[in-house]
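Coordinates from work15.cif are shown below (mmCIF, C-alpha atoms and all ligand atoms).
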```
data_model
#
loop_
_atom_site.group_PDB
_atom_site.id
_atom_site.type_symbol
_atom_site.label_atom_id
_atom_site.label_comp_id
_atom_site.auth_asym_id
_atom_site.auth_seq_id
_atom_site.Cartn_x
_atom_site.Cartn_y
_atom_site.Cartn_z
ATOM 1 C CA MET S 46 10.145 70.819 -9.494
ATOM 2 C CA ALA S 47 8.096 70.606 -6.325
ATOM 3 C CA GLU S 48 8.379 67.353 -4.415
ATOM 4 C CA ALA S 49 5.393 65.013 -4.708
ATOM 5 C CA PRO S 50 3.166 65.043 -1.635
ATOM 6 C CA LEU S 51 3.679 62.215 0.812
ATOM 7 C CA LEU S 52 0.042 61.852 1.672
ATOM 8 C CA GLU S 53 -2.797 62.886 -0.568
ATOM 9 C CA ILE S 54 -6.462 62.419 0.161
ATOM 10 C CA ARG S 55 -8.618 63.132 -2.872
ATOM 11 C CA ASP S 56 -12.317 63.877 -2.745
ATOM 12 C CA VAL S 57 -13.089 61.241 -0.135
ATOM 13 C CA TRP S 58 -16.468 60.272 1.168
ATOM 14 C CA ALA S 59 -16.768 58.158 4.291
ATOM 15 C CA ARG S 60 -19.765 56.475 5.868
ATOM 16 C CA TYR S 61 -20.603 54.705 9.073
ATOM 17 C CA GLY S 62 -23.659 52.669 8.123
ATOM 18 C CA GLU S 63 -26.275 55.224 7.101
ATOM 19 C CA ILE S 64 -24.281 58.210 8.388
ATOM 20 C CA THR S 65 -22.119 60.075 5.907
ATOM 21 C CA ALA S 66 -19.293 61.493 8.027
ATOM 22 C CA VAL S 67 -17.222 63.274 5.342
ATOM 23 C CA ARG S 68 -18.191 64.406 1.851
ATOM 24 C CA ASN S 69 -15.790 65.239 -0.869
ATOM 25 C CA VAL S 70 -12.874 66.259 1.372
ATOM 26 C CA GLY S 71 -9.275 66.436 0.227
ATOM 27 C CA LEU S 72 -5.919 67.284 1.721
ATOM 28 C CA THR S 73 -2.259 66.985 0.845
ATOM 29 C CA LEU S 74 0.752 66.792 3.082
ATOM 30 C CA GLY S 75 4.269 67.208 1.762
ATOM 31 C CA PRO S 76 7.489 66.023 3.423
ATOM 32 C CA GLY S 77 7.926 67.808 6.752
ATOM 33 C CA GLU S 78 4.676 69.751 6.434
ATOM 34 C CA THR S 79 2.357 70.276 9.359
ATOM 35 C CA LEU S 80 -1.416 70.602 9.086
ATOM 36 C CA ALA S 81 -3.862 71.677 11.777
ATOM 37 C CA LEU S 82 -7.189 69.902 11.354
ATOM 38 C CA ILE S 83 -9.932 71.785 13.133
ATOM 39 C CA GLY S 84 -13.711 71.821 13.453
ATOM 40 C CA ARG S 85 -16.457 71.251 15.973
ATOM 41 C CA ASN S 86 -17.352 67.926 17.498
ATOM 42 C CA GLY S 87 -18.631 65.548 14.849
ATOM 43 C CA ALA S 88 -17.170 67.579 11.951
ATOM 44 C CA GLY S 89 -15.268 64.560 10.624
ATOM 45 C CA LYS S 90 -11.735 65.176 11.910
ATOM 46 C CA SER S 91 -11.133 61.736 13.400
ATOM 47 C CA THR S 92 -12.702 60.197 10.315
ATOM 48 C CA MET S 93 -10.083 61.894 8.116
ATOM 49 C CA LEU S 94 -7.278 60.506 10.284
ATOM 50 C CA ARG S 95 -8.867 57.031 10.220
ATOM 51 C CA LEU S 96 -9.030 57.208 6.423
ATOM 52 C CA ALA S 97 -5.351 58.154 6.257
ATOM 53 C CA ALA S 98 -4.357 55.397 8.692
ATOM 54 C CA GLY S 99 -6.489 52.720 7.023
ATOM 55 C CA VAL S 100 -8.706 52.126 10.047
ATOM 56 C CA ILE S 101 -11.645 52.765 7.731
ATOM 57 C CA GLN S 102 -11.836 52.783 3.934
ATOM 58 C CA PRO S 103 -13.493 55.479 1.808
ATOM 59 C CA TYR S 104 -16.527 54.550 -0.235
ATOM 60 C CA ALA S 105 -15.558 57.144 -2.811
ATOM 61 C CA GLY S 106 -12.370 59.063 -3.500
ATOM 62 C CA ASP S 107 -8.759 58.075 -3.098
ATOM 63 C CA VAL S 108 -6.044 57.966 -0.437
ATOM 64 C CA ARG S 109 -2.563 58.136 -1.931
ATOM 65 C CA TRP S 110 0.948 57.725 -0.569
ATOM 66 C CA LYS S 111 3.876 59.026 -2.596
ATOM 67 C CA GLY S 112 1.744 59.088 -5.719
ATOM 68 C CA ARG S 113 0.093 55.665 -5.399
ATOM 69 C CA SER S 114 -3.311 54.647 -4.111
ATOM 70 C CA ILE S 115 -3.205 52.876 -0.753
ATOM 71 C CA VAL S 116 -6.944 52.275 -0.506
ATOM 72 C CA GLY S 117 -7.478 48.774 0.839
ATOM 73 C CA LEU S 118 -4.155 48.599 2.692
ATOM 74 C CA THR S 119 -4.463 47.742 6.391
ATOM 75 C CA PRO S 120 -3.252 50.011 9.206
ATOM 76 C CA GLU S 121 -0.276 47.662 9.744
ATOM 77 C CA GLN S 122 0.746 47.925 6.097
ATOM 78 C CA ARG S 123 0.521 51.708 6.337
ATOM 79 C CA VAL S 124 2.611 51.801 9.511
ATOM 80 C CA ARG S 125 5.339 50.003 7.585
ATOM 81 C CA LYS S 126 5.111 52.673 4.885
ATOM 82 C CA GLY S 127 5.486 55.427 7.493
ATOM 83 C CA ILE S 128 1.918 56.527 8.296
ATOM 84 C CA VAL S 129 1.293 56.230 12.019
ATOM 85 C CA LEU S 130 -1.840 57.167 13.962
ATOM 86 C CA VAL S 131 -1.881 58.192 17.611
ATOM 87 C CA PRO S 132 -5.602 57.703 18.204
ATOM 88 C CA GLU S 133 -7.886 59.612 20.493
ATOM 89 C CA GLY S 134 -7.685 57.952 23.906
ATOM 90 C CA ARG S 135 -4.034 57.001 23.271
ATOM 91 C CA GLY S 136 -4.318 53.212 22.965
ATOM 92 C CA ILE S 137 -1.473 52.320 25.285
ATOM 93 C CA PHE S 138 -1.356 49.106 27.332
ATOM 94 C CA PRO S 139 -1.975 50.130 30.955
ATOM 95 C CA GLY S 140 -0.740 46.840 32.432
ATOM 96 C CA LEU S 141 2.610 46.946 30.620
ATOM 97 C CA THR S 142 5.492 49.116 31.760
ATOM 98 C CA VAL S 143 6.549 52.293 29.979
ATOM 99 C CA ASP S 144 9.508 50.421 28.538
ATOM 100 C CA GLU S 145 7.385 47.513 27.285
ATOM 101 C CA ASN S 146 4.917 49.909 25.683
ATOM 102 C CA LEU S 147 7.718 51.663 23.823
ATOM 103 C CA ARG S 148 9.293 48.417 22.662
ATOM 104 C CA MET S 149 6.017 47.457 21.010
ATOM 105 C CA GLY S 150 6.396 50.460 18.728
ATOM 106 C CA ALA S 151 9.732 49.187 17.483
ATOM 107 C CA TYR S 152 8.191 45.877 16.450
ATOM 108 C CA TRP S 153 7.501 46.623 12.778
ATOM 109 C CA HIS S 154 11.060 47.464 11.911
ATOM 110 C CA ARG S 155 12.629 44.425 13.605
ATOM 111 C CA PRO S 156 15.827 46.351 14.186
ATOM 112 C CA ARG S 157 18.930 44.760 15.621
ATOM 113 C CA ALA S 158 19.038 44.904 19.400
ATOM 114 C CA SER S 159 21.697 47.634 19.467
ATOM 115 C CA ALA S 160 19.777 49.815 16.997
ATOM 116 C CA ALA S 161 16.551 49.298 18.959
ATOM 117 C CA ARG S 162 18.280 50.346 22.180
ATOM 118 C CA LYS S 163 19.634 53.458 20.515
ATOM 119 C CA ALA S 164 16.205 54.384 19.136
ATOM 120 C CA LEU S 165 14.694 53.852 22.575
ATOM 121 C CA GLU S 166 17.272 56.128 24.220
ATOM 122 C CA GLU S 167 16.530 58.844 21.654
ATOM 123 C CA ILE S 168 12.855 58.624 22.538
ATOM 124 C CA TYR S 169 13.581 58.868 26.268
ATOM 125 C CA ASP S 170 15.747 61.917 25.558
ATOM 126 C CA LEU S 171 12.916 63.555 23.658
ATOM 127 C CA LEU S 172 10.240 62.684 26.200
ATOM 128 C CA GLY S 173 12.183 63.787 29.277
ATOM 129 C CA VAL S 174 10.165 62.737 32.302
ATOM 130 C CA LEU S 175 9.369 59.230 31.045
ATOM 131 C CA GLY S 176 13.007 58.192 31.419
ATOM 132 C CA GLN S 177 12.586 57.965 35.183
ATOM 133 C CA ARG S 178 9.455 55.872 34.881
ATOM 134 C CA ARG S 179 10.602 53.079 32.602
ATOM 135 C CA GLN S 180 9.572 50.209 34.856
ATOM 136 C CA GLN S 181 6.327 51.792 35.982
ATOM 137 C CA PRO S 182 3.023 50.414 34.633
ATOM 138 C CA ALA S 183 1.726 52.767 31.933
ATOM 139 C CA GLY S 184 -1.665 52.813 33.655
ATOM 140 C CA SER S 185 -0.119 54.561 36.667
ATOM 141 C CA LEU S 186 1.108 57.554 34.619
ATOM 142 C CA SER S 187 -0.763 60.855 34.476
ATOM 143 C CA GLY S 188 -2.918 61.520 31.420
ATOM 144 C CA GLY S 189 -0.259 63.785 29.962
ATOM 145 C CA GLU S 190 2.517 61.257 30.491
ATOM 146 C CA GLN S 191 0.373 58.585 28.837
ATOM 147 C CA GLN S 192 -0.094 60.868 25.848
ATOM 148 C CA LEU S 193 3.671 61.394 25.559
ATOM 149 C CA LEU S 194 4.138 57.637 25.815
ATOM 150 C CA ALA S 195 1.671 57.055 22.981
ATOM 151 C CA ILE S 196 3.575 59.569 20.836
ATOM 152 C CA GLY S 197 6.881 57.956 21.794
ATOM 153 C CA ARG S 198 5.619 54.563 20.765
ATOM 154 C CA ALA S 199 4.414 55.936 17.433
ATOM 155 C CA LEU S 200 7.850 57.497 16.836
ATOM 156 C CA LEU S 201 9.553 54.141 17.257
ATOM 157 C CA SER S 202 7.735 53.033 14.103
ATOM 158 C CA LYS S 203 9.775 55.735 12.320
ATOM 159 C CA PRO S 204 6.853 57.653 10.825
ATOM 160 C CA GLU S 205 7.172 60.044 7.916
ATOM 161 C CA VAL S 206 3.656 61.210 8.714
ATOM 162 C CA LEU S 207 2.237 61.241 12.208
ATOM 163 C CA LEU S 208 -1.535 61.533 12.702
ATOM 164 C CA LEU S 209 -2.337 63.044 16.097
ATOM 165 C CA ASP S 210 -5.946 62.942 17.269
ATOM 166 C CA GLU S 211 -6.522 65.572 19.973
ATOM 167 C CA PRO S 212 -3.344 64.837 21.930
ATOM 168 C CA SER S 213 -3.992 67.747 24.304
ATOM 169 C CA LEU S 214 -7.423 66.487 25.352
ATOM 170 C CA GLY S 215 -7.747 66.430 29.145
ATOM 171 C CA LEU S 216 -4.159 67.584 29.793
ATOM 172 C CA SER S 217 -3.115 70.241 32.304
ATOM 173 C CA PRO S 218 -1.750 73.524 30.892
ATOM 174 C CA LYS S 219 1.734 72.463 31.975
ATOM 175 C CA MET S 220 1.493 69.153 30.120
ATOM 176 C CA ILE S 221 0.071 70.876 27.055
ATOM 177 C CA GLU S 222 3.138 73.096 27.057
ATOM 178 C CA ALA S 223 5.409 70.035 27.293
ATOM 179 C CA LEU S 224 3.444 68.328 24.507
ATOM 180 C CA TYR S 225 3.793 71.334 22.209
ATOM 181 C CA GLY S 226 7.511 71.495 22.940
ATOM 182 C CA ILE S 227 7.772 67.940 21.686
ATOM 183 C CA LEU S 228 5.624 68.632 18.614
ATOM 184 C CA GLU S 229 7.890 71.576 17.831
ATOM 185 C CA ALA S 230 10.917 69.274 18.081
ATOM 186 C CA LEU S 231 9.289 66.766 15.711
ATOM 187 C CA LYS S 232 8.634 69.548 13.238
ATOM 188 C CA GLU S 233 12.282 70.599 13.418
ATOM 189 C CA ARG S 234 13.279 67.008 12.707
ATOM 190 C CA GLY S 235 11.188 67.101 9.545
ATOM 191 C CA ILE S 236 8.443 64.723 10.620
ATOM 192 C CA ALA S 237 5.221 65.718 8.878
ATOM 193 C CA PHE S 238 2.048 65.620 10.903
ATOM 194 C CA ILE S 239 -1.661 66.239 10.928
ATOM 195 C CA LEU S 240 -2.743 67.602 14.279
ATOM 196 C CA VAL S 241 -6.390 67.504 15.338
ATOM 197 C CA GLU S 242 -6.700 70.122 18.020
ATOM 198 C CA GLN S 243 -9.486 71.800 19.944
ATOM 199 C CA TYR S 244 -7.197 74.637 21.092
ATOM 200 C CA VAL S 245 -7.169 76.305 17.717
ATOM 201 C CA PRO S 246 -4.724 79.123 18.524
ATOM 202 C CA LEU S 247 -2.097 76.637 19.694
ATOM 203 C CA ALA S 248 -2.416 74.545 16.562
ATOM 204 C CA LEU S 249 -2.276 77.600 14.306
ATOM 205 C CA ARG S 250 0.907 78.836 15.909
ATOM 206 C CA LEU S 251 2.591 75.474 15.374
ATOM 207 C CA CYS S 252 1.328 74.321 11.981
ATOM 208 C CA ASP S 253 2.066 75.504 8.441
ATOM 209 C CA ARG S 254 -1.399 74.918 7.098
ATOM 210 C CA VAL S 255 -4.951 74.552 8.312
ATOM 211 C CA LEU S 256 -7.954 72.528 7.197
ATOM 212 C CA GLY S 257 -11.260 73.412 8.812
ATOM 213 C CA LEU S 258 -14.160 71.001 8.521
ATOM 214 C CA GLN S 259 -17.794 71.814 9.024
ATOM 215 C CA LYS S 260 -20.339 68.986 9.054
ATOM 216 C CA GLY S 261 -18.089 66.755 7.010
ATOM 217 C CA THR S 262 -17.157 69.261 4.303
ATOM 218 C CA VAL S 263 -14.221 71.636 3.803
ATOM 219 C CA ALA S 264 -14.862 75.094 5.219
ATOM 220 C CA ILE S 265 -11.290 76.433 5.381
ATOM 221 C CA SER S 266 -8.131 75.361 3.656
ATOM 222 C CA GLY S 267 -4.894 77.305 3.419
ATOM 223 C CA ASP S 268 -1.737 78.572 5.068
ATOM 224 C CA THR S 269 -2.062 79.435 8.729
ATOM 225 C CA ASP S 270 -0.558 82.864 7.908
ATOM 226 C CA GLY S 271 -3.287 83.762 5.480
ATOM 227 C CA VAL S 272 -6.282 82.315 7.260
ATOM 228 C CA GLU S 273 -9.208 84.658 7.794
ATOM 229 C CA LEU S 274 -10.082 85.169 11.412
ATOM 230 C CA GLU S 275 -13.774 85.646 10.738
ATOM 231 C CA ARG S 276 -14.024 82.440 8.816
ATOM 232 C CA LEU S 277 -12.020 80.557 11.418
ATOM 233 C CA THR S 278 -14.129 81.581 14.370
ATOM 234 C CA GLU S 279 -17.274 80.744 12.420
ATOM 235 C CA VAL S 280 -16.000 77.260 11.611
ATOM 236 C CA TYR S 281 -14.771 76.627 15.048
ATOM 237 C CA MET S 282 -16.807 77.917 17.937
ATOM 238 C CA GLY S 283 -17.520 81.549 17.550
ATOM 239 C CA GLY S 284 -17.466 83.344 20.851
ATOM 240 C CA SER S 285 -15.496 86.472 21.641
ATOM 241 C CA GLU S 286 -13.034 84.668 23.870
ATOM 242 C CA LEU S 287 -11.767 82.393 21.135
ATOM 243 C CA ARG S 288 -11.829 85.307 18.726
ATOM 244 C CA ALA S 289 -9.541 87.359 20.965
ATOM 245 C CA GLU S 290 -7.248 84.413 21.648
ATOM 246 C CA THR S 291 -7.023 83.508 17.987
ATOM 247 C CA SER S 292 -6.394 87.073 16.978
ATOM 248 C CA LYS S 293 -3.479 87.192 19.400
ATOM 249 C CA ALA S 294 -2.062 83.919 18.119
ATOM 250 C CA LEU S 295 -2.134 85.121 14.524
ATOM 251 C CA GLN S 296 -0.198 88.326 15.220
HETATM 252 N N1 LIG Q 1 -17.910 54.475 14.677
HETATM 253 C C1 LIG Q 1 -18.897 55.300 14.290
HETATM 254 N N2 LIG Q 1 -20.144 54.838 14.037
HETATM 255 C C2 LIG Q 1 -21.126 55.676 13.646
HETATM 256 N N3 LIG Q 1 -20.974 56.989 13.444
HETATM 257 C C3 LIG Q 1 -19.749 57.501 13.671
HETATM 258 C C4 LIG Q 1 -18.656 56.689 14.098
HETATM 259 N N4 LIG Q 1 -17.568 57.480 14.244
HETATM 260 C C5 LIG Q 1 -17.971 58.714 13.924
HETATM 261 N N5 LIG Q 1 -19.281 58.742 13.571
HETATM 262 C C6 LIG Q 1 -20.058 59.917 13.129
HETATM 263 O O1 LIG Q 1 -19.371 60.508 12.041
HETATM 264 C C7 LIG Q 1 -19.368 61.926 12.164
HETATM 265 C C8 LIG Q 1 -17.917 62.423 12.205
HETATM 266 O O2 LIG Q 1 -17.300 61.901 13.387
HETATM 267 P P1 LIG Q 1 -15.765 62.147 13.750
HETATM 268 O O3 LIG Q 1 -14.943 61.986 12.547
HETATM 269 O O4 LIG Q 1 -15.474 61.302 14.920
HETATM 270 O O5 LIG Q 1 -15.827 63.698 14.157
HETATM 271 P P2 LIG Q 1 -14.776 64.590 14.982
HETATM 272 O O6 LIG Q 1 -13.540 63.795 15.201
HETATM 273 O O7 LIG Q 1 -14.584 65.817 14.151
HETATM 274 O O8 LIG Q 1 -15.472 64.917 16.272
HETATM 275 C C9 LIG Q 1 -20.177 62.247 13.404
HETATM 276 O O9 LIG Q 1 -21.496 62.503 12.996
HETATM 277 C C10 LIG Q 1 -20.099 60.987 14.205
HETATM 278 O O10 LIG Q 1 -21.225 60.839 15.020
HETATM 279 MG MG MG Q 2 -12.602 63.167 16.917
#
```
As structure tokens, what does this structure read like?
Amino acid sequence: MAEAPLLEIRDVWARYGEITAVRNVGLTLGPGETLALIGRNGAGKSTMLRLAAGVIQPYAGDVRWKGRSIVGLTPEQRVRKGIVLVPEGRGIFPGLTVDENLRMGAYWHRPRASAARKALEEIYDLLGVLGQRRQQPAGSLSGGEQQLLAIGRALLSKPEVLLLDEPSLGLSPKMIEALYGILEALKERGIAFILVEQYVPLALRLCDRVLGLQKGTVAISGDTDGVELERLTEVYMGGSELRAETSKALQ
């Protein structure tokens, strides 16, 4: 029998005041699965991640974790269950050091000191460059290093599902490459994630499945192998450049 999905969002609607941001959207994520969430600005991508993380609540539909509704649970309660959001803009503490920022991520599990140290060393191993910058204020890191730090902190909460909101935004090509190396490593370790990404070809190469939103509704849903190029370019940006790039990525 197939394993039950970890995360399941069923027919959700979400509103900000008078604005309906998503209508009747669903997704499922099984253990270790990776989903690229794409769409133009304002399509509802961040809203879907906020619904999963409990930052906002749906006004219709259901958000389920391992077969049970988690609607109404706070973000903190969901972190303890294993659902961790790395929000747009990273949300690190610029005045604290790299090390202090990472230690905050270990808070929810209250591990013994030796276990916490071990987890921290694993994160520094994974994140490479940050190991030399432990005592540096996070605010003095480059944008890319701050993004890696935010991901590192999320990992210390031991997520089963990581929600990544445009982690490549504003990064140099070199940092994007480093970021994707790390995402690849997470995938190999069996951490499931939803990746919101503006560089569609990159996300498609990495992820198993794709969900494309258009004005708050589902426009594409399926395996990244089977996704139709025409449909994809229509949902995303159009434009021959993206078309060519995407075509290359799908080969
Ligand atoms: N805090 C908010 N207050 C009011 N409207 C919002 C808020 N956040 C998002 N929206 C609106 O909801 C829609 C979806 O936004 P969002 O999920 O952020 O899109 P995306 O991440 O795909 O760019 C947009 O029309 C946006 O303007
Ligand atoms: Mg967004």
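Closest to S:Gly140 among S:Ala223, S:Leu251, S:Ile64, S:Leu186 is S:Leu186, based on only C-alpha atoms.
Evaluating the PyMOL selection byres (((not hetatm)) within 7 of (chain Q and resi 2)) against the shown model yields Asn86, Gly87, Gly89, Lys90, Ser91, Glu133 and Asp210 of chain S.
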Next item on the list: For the file shown, report as an MDAnalysis selection string the outcome of the PyMOL selection byres (((not hetatm)) within 9 of (chain Q and resi 1)) at residue level.
Entry: chainID S and resid 59:67 82:95 133 210:211 241 258:261
Item checked: Residue nearest S:Arg250 - candidates S:Val129, S:Gly235, S:Glu229, S:Thr262, atoms counted: only C-alpha atoms -> S:Glu229
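Counting all atoms listed in the file and comparing S:Asp253, S:Asp144, S:Glu222, S:Glu242, the residue that lies closest to S:Leu194 is S:Asp144.
Between atom CA of S:Ala105 and atom CA of S:Ile239 lies a distance of 21.6 Å.
Taking atom CA of S:Leu171 and atom CA of S:Gly99 as the two end points, the separation is 27.8 Å.
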Margin query: Can you translate the PyMOL selection byres (((chain S and resi 181) around 12) and not hetatm) into the concrete residues it hits in this file, as a PyMOL selection string?
Written below: chain S and resi 138-146+175-180+182-187+190-191+194
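The space separating atom CA of S:Ser213 from atom CA of S:Ala98 comes to 19.9 Å.
Among S:Arg123, S:Arg68, S:Arg198, S:Arg109, the residue with the shortest atom-to-atom distance to S:Arg135, counting all atoms listed in the file, is S:Arg198.
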Check: Any idea what's packed within 9 Å of stretch 157-165 of chain S, counting all atoms listed in the file, ignoring anything in its chain fewer than 3 positions away? Could you give it as a count of residues only?
Finding: 9
Note to self: Quick one: residues within 10 Å of S:Ala49, all atoms listed in the file, excluding same-chain residues fewer than 6 positions away - as a list in words?
What the structure shows: Thr73, Leu74, Gly75, Pro76, Trp110, Lys111 and Gly112 of chain S
Check: Counting all atoms listed in the file, what is within 8 Å of S:Val131, bar same-chain residues fewer than 3 positions away, as a list in words?
Finding: Arg135, Gly136, Ala195, Ile196, Ala199, Leu207, Leu208, Leu209 and Asp210 of chain S
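All residues of protein, DNA or RNA that reach within 12 Å of S:Gly117, judged by only C-alpha atoms and not counting those fewer than 5 positions away in the chain, are S:Leu96, S:Ala97, S:Ala98, S:Gly99, S:Val100, S:Ile101, S:Gln102, S:Pro103, S:Tyr104, S:Asp107, S:Val108, S:Arg109, S:Gln122, S:Arg123.
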Could you take the residues named above and write them with C-alpha atoms, as an mmCIF file, in the coordinates of the input?
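Once everything was written out, this is part36.cif:
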```
data_model
loop_
_atom_site.group_PDB
_atom_site.id
_atom_site.type_symbol
_atom_site.label_atom_id
_atom_site.label_comp_id
_atom_site.auth_asym_id
_atom_site.auth_seq_id
_atom_site.Cartn_x
_atom_site.Cartn_y
_atom_site.Cartn_z
ATOM 1 C CA LEU S 96 -9.030 57.208 6.423
ATOM 2 C CA ALA S 97 -5.351 58.154 6.257
ATOM 3 C CA ALA S 98 -4.357 55.397 8.692
ATOM 4 C CA GLY S 99 -6.489 52.720 7.023
ATOM 5 C CA VAL S 100 -8.706 52.126 10.047
ATOM 6 C CA ILE S 101 -11.645 52.765 7.731
ATOM 7 C CA GLN S 102 -11.836 52.783 3.934
ATOM 8 C CA PRO S 103 -13.493 55.479 1.808
ATOM 9 C CA TYR S 104 -16.527 54.550 -0.235
ATOM 10 C CA ASP S 107 -8.759 58.075 -3.098
ATOM 11 C CA VAL S 108 -6.044 57.966 -0.437
ATOM 12 C CA ARG S 109 -2.563 58.136 -1.931
ATOM 13 C CA GLN S 122 0.746 47.925 6.097
ATOM 14 C CA ARG S 123 0.521 51.708 6.337
#
```
Could stretch 245-259 of chain S be written out with N, CA and C atoms, as a PDB file, in the first residue's frame, please?
```
ATOM      1  N   VAL S 245      12.321  28.761 -13.173  1.00  0.00           N
ATOM      2  CA  VAL S 245      11.559  27.530 -13.370  1.00  0.00           C
ATOM      3  C   VAL S 245      12.418  26.343 -13.818  1.00  0.00           C
ATOM      4  N   PRO S 246      13.313  26.537 -14.786  1.00  0.00           N
ATOM      5  CA  PRO S 246      14.101  25.379 -15.237  1.00  0.00           C
ATOM      6  C   PRO S 246      14.906  24.724 -14.106  1.00  0.00           C
ATOM      7  N   LEU S 247      15.468  25.556 -13.242  1.00  0.00           N
ATOM      8  CA  LEU S 247      16.230  25.012 -12.109  1.00  0.00           C
ATOM      9  C   LEU S 247      15.347  24.150 -11.227  1.00  0.00           C
ATOM     10  N   ALA S 248      14.190  24.674 -10.890  1.00  0.00           N
ATOM     11  CA  ALA S 248      13.275  23.967  -9.996  1.00  0.00           C
ATOM     12  C   ALA S 248      12.791  22.666 -10.630  1.00  0.00           C
ATOM     13  N   LEU S 249      12.570  22.694 -11.930  1.00  0.00           N
ATOM     14  CA  LEU S 249      12.064  21.494 -12.616  1.00  0.00           C
ATOM     15  C   LEU S 249      13.107  20.392 -12.663  1.00  0.00           C
ATOM     16  N   ARG S 250      14.358  20.804 -12.789  1.00  0.00           N
ATOM     17  CA  ARG S 250      15.433  19.811 -12.817  1.00  0.00           C
ATOM     18  C   ARG S 250      15.558  19.112 -11.465  1.00  0.00           C
ATOM     19  N   LEU S 251      15.323  19.870 -10.402  1.00  0.00           N
ATOM     20  CA  LEU S 251      15.527  19.343  -9.049  1.00  0.00           C
ATOM     21  C   LEU S 251      14.327  18.539  -8.540  1.00  0.00           C
ATOM     22  N   CYS S 252      13.127  19.036  -8.817  1.00  0.00           N
ATOM     23  CA  CYS S 252      11.939  18.514  -8.116  1.00  0.00           C
ATOM     24  C   CYS S 252      11.240  17.387  -8.869  1.00  0.00           C
ATOM     25  N   ASP S 253      10.549  16.537  -8.099  1.00  0.00           N
ATOM     26  CA  ASP S 253       9.803  15.414  -8.670  1.00  0.00           C
ATOM     27  C   ASP S 253       8.511  15.883  -9.345  1.00  0.00           C
ATOM     28  N   ARG S 254       7.875  16.844  -8.709  1.00  0.00           N
ATOM     29  CA  ARG S 254       6.564  17.254  -9.195  1.00  0.00           C
ATOM     30  C   ARG S 254       6.469  18.770  -9.260  1.00  0.00           C
ATOM     31  N   VAL S 255       5.470  19.232  -9.998  1.00  0.00           N
ATOM     32  CA  VAL S 255       5.301  20.671 -10.173  1.00  0.00           C
ATOM     33  C   VAL S 255       3.834  21.046  -9.973  1.00  0.00           C
ATOM     34  N   LEU S 256       3.635  22.184  -9.312  1.00  0.00           N
ATOM     35  CA  LEU S 256       2.302  22.779  -9.214  1.00  0.00           C
ATOM     36  C   LEU S 256       2.430  24.204  -9.720  1.00  0.00           C
ATOM     37  N   GLY S 257       1.665  24.518 -10.752  1.00  0.00           N
ATOM     38  CA  GLY S 257       1.691  25.869 -11.312  1.00  0.00           C
ATOM     39  C   GLY S 257       0.401  26.588 -10.975  1.00  0.00           C
ATOM     40  N   LEU S 258       0.520  27.751 -10.383  1.00  0.00           N
ATOM     41  CA  LEU S 258      -0.662  28.537 -10.025  1.00  0.00           C
ATOM     42  C   LEU S 258      -0.804  29.710 -10.982  1.00  0.00           C
ATOM     43  N   GLN S 259      -2.049  30.048 -11.246  1.00  0.00           N
ATOM     44  CA  GLN S 259      -2.351  31.197 -12.073  1.00  0.00           C
ATOM     45  C   GLN S 259      -3.511  31.917 -11.403  1.00  0.00           C
TER      46      GLN S 259
END
```
